[in-house]
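start22.cif follows; it contains mmCIF, C-alpha atoms.
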```cif
data_input
#
loop_
_atom_site.label_atom_id
_atom_site.label_comp_id
_atom_site.auth_asym_id
_atom_site.auth_seq_id
_atom_site.Cartn_x
_atom_site.Cartn_y
_atom_site.Cartn_z
CA MET A 12 -15.21 -3.59 82.92
CA GLY A 13 -12.25 -4.32 85.25
CA SER A 14 -11.83 -7.84 83.94
CA LYS A 15 -8.51 -9.12 82.67
CA PRO A 16 -9.78 -9.62 79.08
CA PHE A 17 -10.83 -5.96 78.97
CA PHE A 18 -7.39 -4.72 80.01
CA THR A 19 -5.79 -7.17 77.58
CA PHE A 20 -8.02 -5.71 74.85
CA LEU A 21 -6.88 -2.15 75.64
CA GLU A 22 -3.25 -3.24 75.65
CA SER A 23 -3.73 -5.07 72.36
CA VAL A 24 -5.25 -2.01 70.69
CA LYS A 25 -2.18 0.01 71.65
CA GLU A 26 0.24 -2.64 70.39
CA CYS A 27 -1.70 -3.11 67.15
CA TYR A 28 -1.39 0.62 66.58
CA GLU A 29 2.39 0.27 66.98
CA ALA A 30 2.37 -2.40 64.28
CA ILE A 31 0.44 -0.07 61.96
CA VAL A 32 2.99 2.69 62.62
CA MET A 33 5.76 0.39 61.40
CA ALA A 34 3.82 -0.45 58.24
CA LYS A 35 3.08 3.23 57.57
CA PHE A 36 6.73 4.11 58.07
CA LEU A 37 7.74 1.54 55.47
CA GLY A 38 5.11 2.98 53.13
CA LEU A 39 6.59 6.46 53.66
CA MET A 40 10.03 5.18 52.67
CA TYR A 41 8.57 3.62 49.52
CA THR A 42 6.95 6.96 48.69
CA TYR A 43 10.27 8.77 49.10
CA LEU A 44 11.85 6.24 46.72
CA ASN A 45 8.96 6.55 44.25
CA ILE A 46 8.48 2.77 44.33
CA SER A 47 5.04 1.16 44.37
CA ILE A 48 4.66 -0.74 47.66
CA SER A 49 2.04 -3.02 46.10
CA LYS A 50 4.15 -4.01 43.08
CA THR A 51 7.61 -3.63 44.70
CA ILE A 52 9.26 -3.09 41.30
CA VAL A 53 12.94 -2.23 41.65
CA PRO A 54 14.19 0.55 39.32
CA ASP A 55 16.82 -0.66 36.87
CA GLU A 56 19.44 1.79 38.12
CA ILE A 57 19.58 0.20 41.59
CA LYS A 58 19.05 -3.44 40.69
CA GLY A 59 21.82 -5.75 41.83
CA ARG A 60 22.75 -3.65 44.86
CA GLN A 61 24.18 -5.84 47.62
CA ILE A 62 22.18 -6.73 50.73
CA HIS A 63 24.25 -7.95 53.68
CA HIS A 64 22.51 -10.15 56.24
CA SER A 65 23.67 -10.66 59.80
CA PHE A 66 23.38 -13.57 62.21
CA PRO A 67 20.92 -15.22 62.91
CA MET A 68 19.35 -14.37 59.53
CA THR A 69 22.36 -15.99 57.83
CA LEU A 70 20.97 -19.32 59.02
CA PHE A 71 18.08 -18.85 56.58
CA GLN A 72 19.45 -16.37 54.04
CA PRO A 73 22.82 -16.07 52.24
CA HIS A 74 25.21 -13.62 53.86
CA THR A 75 25.15 -11.47 50.71
CA ALA A 76 22.12 -11.12 48.45
CA HIS A 77 21.37 -8.80 45.55
CA LEU A 78 18.54 -6.31 45.32
CA ASN A 79 15.79 -7.40 42.96
CA HIS A 80 12.03 -7.81 42.91
CA HIS A 81 12.18 -10.91 45.12
CA THR A 82 14.52 -9.54 47.81
CA LEU A 83 12.68 -6.21 48.04
CA LYS A 84 9.36 -8.03 48.40
CA LEU A 85 10.92 -10.24 51.07
CA LEU A 86 11.95 -7.20 53.12
CA LYS A 87 8.43 -5.81 52.82
CA ASN A 88 6.88 -9.11 53.91
CA TRP A 89 9.21 -9.34 56.90
CA THR A 90 7.80 -6.05 58.14
CA TRP A 91 4.18 -6.79 57.26
CA GLN A 92 4.16 -10.18 59.01
CA PHE A 93 4.21 -8.32 62.36
CA VAL A 94 1.26 -6.20 61.24
CA VAL A 95 -0.69 -9.43 60.70
CA ILE A 96 0.58 -11.54 63.61
CA ARG A 97 0.07 -8.84 66.25
CA PRO A 98 -3.73 -8.41 65.85
CA VAL A 99 -4.29 -12.16 65.30
CA LEU A 100 -2.55 -13.02 68.57
CA SER A 101 -4.34 -10.15 70.32
CA ILE A 102 -7.74 -11.55 69.30
CA LEU A 103 -6.68 -15.02 70.47
CA MET A 104 -5.46 -13.70 73.82
CA VAL A 105 -8.69 -11.82 74.52
CA ALA A 106 -10.87 -14.74 73.40
CA LEU A 107 -8.95 -17.34 75.41
CA GLN A 108 -9.03 -15.19 78.54
CA MET A 109 -12.80 -14.68 78.19
CA PHE A 110 -13.28 -18.45 78.08
CA GLY A 111 -10.81 -19.08 80.90
CA MET A 112 -8.38 -21.02 78.70
CA TYR A 113 -5.25 -18.92 78.95
CA PRO A 114 -2.58 -20.74 81.02
CA SER A 115 0.75 -19.09 81.79
CA TRP A 116 2.68 -21.33 79.37
CA LEU A 117 0.49 -20.11 76.52
CA SER A 118 1.10 -16.51 77.54
CA TRP A 119 4.84 -17.06 77.33
CA THR A 120 4.43 -18.85 73.98
CA PHE A 121 2.62 -15.83 72.55
CA THR A 122 5.31 -13.56 74.01
CA ILE A 123 8.08 -15.55 72.30
CA ILE A 124 6.21 -15.49 68.98
CA LEU A 125 5.70 -11.73 69.23
CA ASN A 126 9.34 -11.27 70.24
CA ILE A 127 10.53 -13.06 67.10
CA SER A 128 7.96 -11.27 64.94
CA VAL A 129 8.80 -7.72 66.05
CA SER A 130 12.54 -8.44 65.91
CA LEU A 131 12.19 -9.63 62.31
CA ALA A 132 10.17 -6.53 61.40
CA LEU A 133 12.72 -4.18 62.92
CA TYR A 134 15.57 -6.08 61.29
CA SER A 135 13.96 -5.72 57.87
CA LEU A 136 13.59 -1.96 58.38
CA VAL A 137 17.29 -1.70 59.28
CA VAL A 138 18.29 -3.64 56.16
CA PHE A 139 15.92 -1.56 54.02
CA TYR A 140 17.49 1.64 55.33
CA HIS A 141 21.03 0.46 54.60
CA VAL A 142 20.11 -0.64 51.07
CA PHE A 143 18.54 2.71 50.16
CA ALA A 144 20.61 4.98 52.41
CA LYS A 145 21.89 7.04 49.47
CA GLU A 146 18.46 7.66 47.92
CA LEU A 147 16.83 8.36 51.28
CA ALA A 148 19.57 10.70 52.56
CA PRO A 149 17.82 13.95 51.40
CA HIS A 150 14.78 12.98 53.47
CA LYS A 151 16.84 12.35 56.63
CA PRO A 152 15.22 8.97 57.31
CA LEU A 153 17.59 7.94 60.10
CA ALA A 154 15.96 10.25 62.64
CA LYS A 155 12.52 9.13 61.47
CA PHE A 156 13.56 5.49 61.69
CA LEU A 157 15.05 5.88 65.17
CA CYS A 158 11.85 7.49 66.42
CA VAL A 159 9.69 4.66 65.07
CA LYS A 160 12.12 1.95 66.14
CA GLY A 161 12.63 3.55 69.54
CA ILE A 162 8.92 3.66 70.35
CA VAL A 163 8.36 0.04 69.33
CA PHE A 164 11.60 -1.10 70.96
CA PHE A 165 11.08 0.57 74.33
CA VAL A 166 7.38 -0.26 74.66
CA PHE A 167 7.76 -3.90 73.64
CA TRP A 168 10.94 -4.75 75.53
CA GLN A 169 10.03 -2.92 78.71
CA GLY A 170 6.80 -4.95 78.69
CA ILE A 171 8.90 -8.12 78.50
CA LEU A 172 11.11 -6.86 81.34
CA LEU A 173 8.09 -6.09 83.51
CA ASN A 174 6.72 -9.59 82.86
CA ILE A 175 10.03 -11.06 84.03
CA LEU A 176 10.07 -8.87 87.15
CA VAL A 177 6.53 -10.01 87.99
CA ALA A 178 7.46 -13.67 87.41
CA LEU A 179 10.50 -13.29 89.72
CA GLY A 180 8.36 -11.68 92.41
CA ILE A 181 10.27 -8.38 92.31
CA ILE A 182 7.07 -6.59 91.36
CA ARG A 183 4.30 -7.86 93.63
CA SER A 184 1.07 -6.71 95.20
CA HIS A 185 1.13 -5.38 98.75
CA HIS A 186 -2.64 -5.01 99.00
CA PHE A 187 -5.22 -7.75 98.56
CA TRP A 188 -7.45 -5.44 96.50
CA LEU A 189 -4.74 -4.50 94.01
CA GLU A 190 -3.67 -7.27 91.66
CA VAL A 191 -0.04 -7.47 90.55
CA GLU A 192 -1.19 -7.30 86.91
CA ARG A 193 -2.72 -3.87 87.56
CA ILE A 194 0.52 -2.68 89.19
CA GLN A 195 2.48 -3.92 86.18
CA GLU A 196 0.13 -2.14 83.78
CA GLY A 197 0.35 1.04 85.84
CA ILE A 198 4.15 1.03 85.72
CA GLN A 199 4.08 0.35 81.98
CA ASN A 200 1.63 3.20 81.34
CA VAL A 201 3.66 5.68 83.42
CA LEU A 202 6.83 4.71 81.55
CA VAL A 203 5.07 5.12 78.19
CA ILE A 204 3.76 8.57 79.16
CA VAL A 205 7.26 9.74 80.15
CA GLU A 206 8.80 8.24 77.01
CA MET A 207 6.20 9.84 74.76
CA VAL A 208 7.20 13.29 76.04
CA PHE A 209 10.76 12.77 74.80
CA PHE A 210 9.68 11.01 71.61
CA SER A 211 7.24 13.81 70.79
CA ILE A 212 10.11 16.32 70.97
CA ALA A 213 12.28 14.08 68.76
CA MET A 214 9.43 13.51 66.29
CA ARG A 215 8.81 17.24 65.95
CA HIS A 216 12.29 17.54 64.46
CA ALA A 217 12.34 14.19 62.62
CA TYR A 218 8.96 14.73 60.95
CA SER A 219 9.24 18.46 60.45
CA ALA A 220 6.60 20.19 58.37
CA ALA A 221 9.15 22.73 57.06
CA PRO A 222 9.79 20.97 53.70
CA TYR A 223 6.06 20.87 52.98
CA ARG A 224 5.67 24.56 53.85
CA GLN A 225 8.46 25.38 51.43
CA GLU A 226 6.80 23.32 48.71
CA ALA A 227 3.48 25.05 49.38
CA VAL A 228 5.10 28.50 49.18
CA ALA A 229 6.92 27.57 45.97
CA SER A 230 3.73 26.18 44.45
CA SER A 231 1.81 29.30 45.44
CA GLY A 232 4.51 31.47 43.86
CA ASP A 233 4.35 29.53 40.61
CA LYS A 234 0.59 29.94 40.44
CA LYS A 235 0.85 33.71 40.93
CA LYS A 236 3.36 33.94 38.07
CA GLU A 237 0.95 32.11 35.82
#
```

Whole structure given in structure tokens:
Amino acid sequence: MGSKPFFTFLESVKECYEAIVMAKFLGLMYTYLNISISKTIVPDEIKGRQIHHSFPMTLFQPHTAHLNHHTLKLLKNWTWQFVVIRPVLSILMVALQMFGMYPSWLSWTFTIILNISVSLALYSLVVFYHVFAKELAPHKPLAKFLCVKGIVFFVFWQGILLNILVALGIIRSHHFWLEVERIQEGIQNVLVIVEMVFFSIAMRHAYSAAPYRQEAVASSGDKKKE
């Protein structure tokens, strides 16, 4: 049970959950906008709204695009690609480690792919927020977005930083019975625990239940009048 594939599996489950959180957050924004996430039909009143892309996306997309069915679907797909790529690469990593075919160069290749994938997903969420900032303003999505983005950002990038520190020999094992990988995982887990304390406080305010309580009270009052 202490094998490397097992620990990779546990890490992959956590990171796949983070990908699902991003997808669910996008679905929440679609719900606020009253747009079907499956059909991605843009209401007529907001069609043609400008979408401004930044470098390096301008290498593949025009600097200024207009909101329509195609561009909205593209933003959705840019987020969902991470939801697909993350579990696929996780399965490959676990399988290759079990069969002893997981060299360091392949590990870095997967890391680069995931880096590009998560960056694209976060970028699409930022663009989505800017496009619908006016409609989403009553729901205070910025705090919600920063919570989601912050969790994914910190967990993913601090993992990359720890990998670099291990590769440079800054983090190393001082005992023959304790592998450097376990030390790295321990540091990562401690950091995540500390970060989750602060994020839980932020999320309590960002995802407050107060609006739903008010709706429930109002609905209950209407029923009594009837």

For this file, the PyMOL selection byres ((chain A and resi 74) around 9) selects which residues, as a ChimeraX atom specification?
/A:62-66,68-70,72-73,75-76

Output C-alpha atoms for every residue in the selection just made, as a tab-separated table (two decimals), in the coordinates of the input.
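Writing done, so here's result21.tsv:
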```
chain	number	residue	atom	x	y	z
A	62	ILE	CA	22.18	-6.73	50.73
A	63	HIS	CA	24.25	-7.95	53.68
A	64	HIS	CA	22.51	-10.15	56.24
A	65	SER	CA	23.67	-10.66	59.80
A	66	PHE	CA	23.38	-13.57	62.21
A	68	MET	CA	19.35	-14.37	59.53
A	69	THR	CA	22.36	-15.99	57.83
A	70	LEU	CA	20.97	-19.32	59.02
A	72	GLN	CA	19.45	-16.37	54.04
A	73	PRO	CA	22.82	-16.07	52.24
A	75	THR	CA	25.15	-11.47	50.71
A	76	ALA	CA	22.12	-11.12	48.45
```

Quick one: which residues end up in the PyMOL selection byres ((chain A and resi 94) around 9) for this structure, as an mmCIF file with C-alpha atoms, in the frame of the given file?
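Wrote it out as result33.cif, contents follow:
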```
data_model
loop_
_atom_site.group_PDB
_atom_site.id
_atom_site.type_symbol
_atom_site.label_atom_id
_atom_site.label_comp_id
_atom_site.auth_asym_id
_atom_site.auth_seq_id
_atom_site.Cartn_x
_atom_site.Cartn_y
_atom_site.Cartn_z
ATOM 1 C CA CYS A 27 -1.700 -3.110 67.150
ATOM 2 C CA GLU A 29 2.390 0.270 66.980
ATOM 3 C CA ALA A 30 2.370 -2.400 64.280
ATOM 4 C CA ILE A 31 0.440 -0.070 61.960
ATOM 5 C CA MET A 33 5.760 0.390 61.400
ATOM 6 C CA ALA A 34 3.820 -0.450 58.240
ATOM 7 C CA THR A 90 7.800 -6.050 58.140
ATOM 8 C CA TRP A 91 4.180 -6.790 57.260
ATOM 9 C CA GLN A 92 4.160 -10.180 59.010
ATOM 10 C CA PHE A 93 4.210 -8.320 62.360
ATOM 11 C CA VAL A 95 -0.690 -9.430 60.700
ATOM 12 C CA ILE A 96 0.580 -11.540 63.610
ATOM 13 C CA ARG A 97 0.070 -8.840 66.250
ATOM 14 C CA PRO A 98 -3.730 -8.410 65.850
ATOM 15 C CA ALA A 132 10.170 -6.530 61.400
#
```

Hey, which of A:Val105, A:Leu125, A:Pro54, A:Phe210 ends up closest to Leu157 of chain A? Count all atoms listed in the file.
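Of A:Val105, A:Leu125, A:Pro54, A:Phe210, the one nearest Leu157 of chain A is A:Phe210, counting all atoms listed in the file.
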
Can you work out the spacing between atom CA of Leu131 of chain A and atom CA of Trp89 of chain A in Å, to one decimal?
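Going from atom CA of Leu131 of chain A over to atom CA of Trp89 of chain A, I get 6.2 Å.
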
Please determine, counting all atoms listed in the file, which residue among A:Ala221, A:Val205, A:Val191, A:Met104 has the shortest atom-to-atom distance to Glu22 of chain A.
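When distances to Glu22 of chain A are compared using all atoms listed in the file, the smallest one comes from A:Met104.
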
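Across the chains present, the PyMOL selection byres ((chain A and resi 106-109) around 10) applied to this file returns Ser14, Lys15, Pro16, Phe17, Thr19, Phe20, Leu100, Ser101, Ile102, Leu103, Met104, Val105, Phe110, Gly111, Met112, Tyr113, Pro114 and Leu117 of chain A.
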
Calculate how many Å separate atom CA of Leu37 of chain A from atom CA of Leu136 of chain A, rounding to one decimal.
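According to the coordinates, atom CA of Leu37 of chain A and atom CA of Leu136 of chain A are separated by 7.4 Å.
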
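Atom CA of Tyr43 of chain A is positioned 9.4 Å from atom CA of Pro149 of chain A.
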
Pick from A:Leu78, A:Leu85, A:Val208, A:Ala213: nearest to Tyr134 of chain A, with only C-alpha atoms counted?
A:Leu85

Listed atoms of segment 44-48 of chain A boxed axis-aligned with 4 Å per side, centre + edges as lines of an AutoDock Vina configuration file:
```
center_x = 8.3
center_y = 2.9
center_z = 46.0
size_x = 15.2
size_y = 15.3
size_z = 11.4
```

A:Ile46, A:Val166, A:Cys158, A:Leu133: which is nearest Leu202 of chain A, counting only C-alpha atoms?
A:Val166

Considering all atoms listed in the file, can you say which of A:Val142, A:Val53, A:Ile124, A:Ala154 comes closest to Ile212 of chain A?
A:Ala154
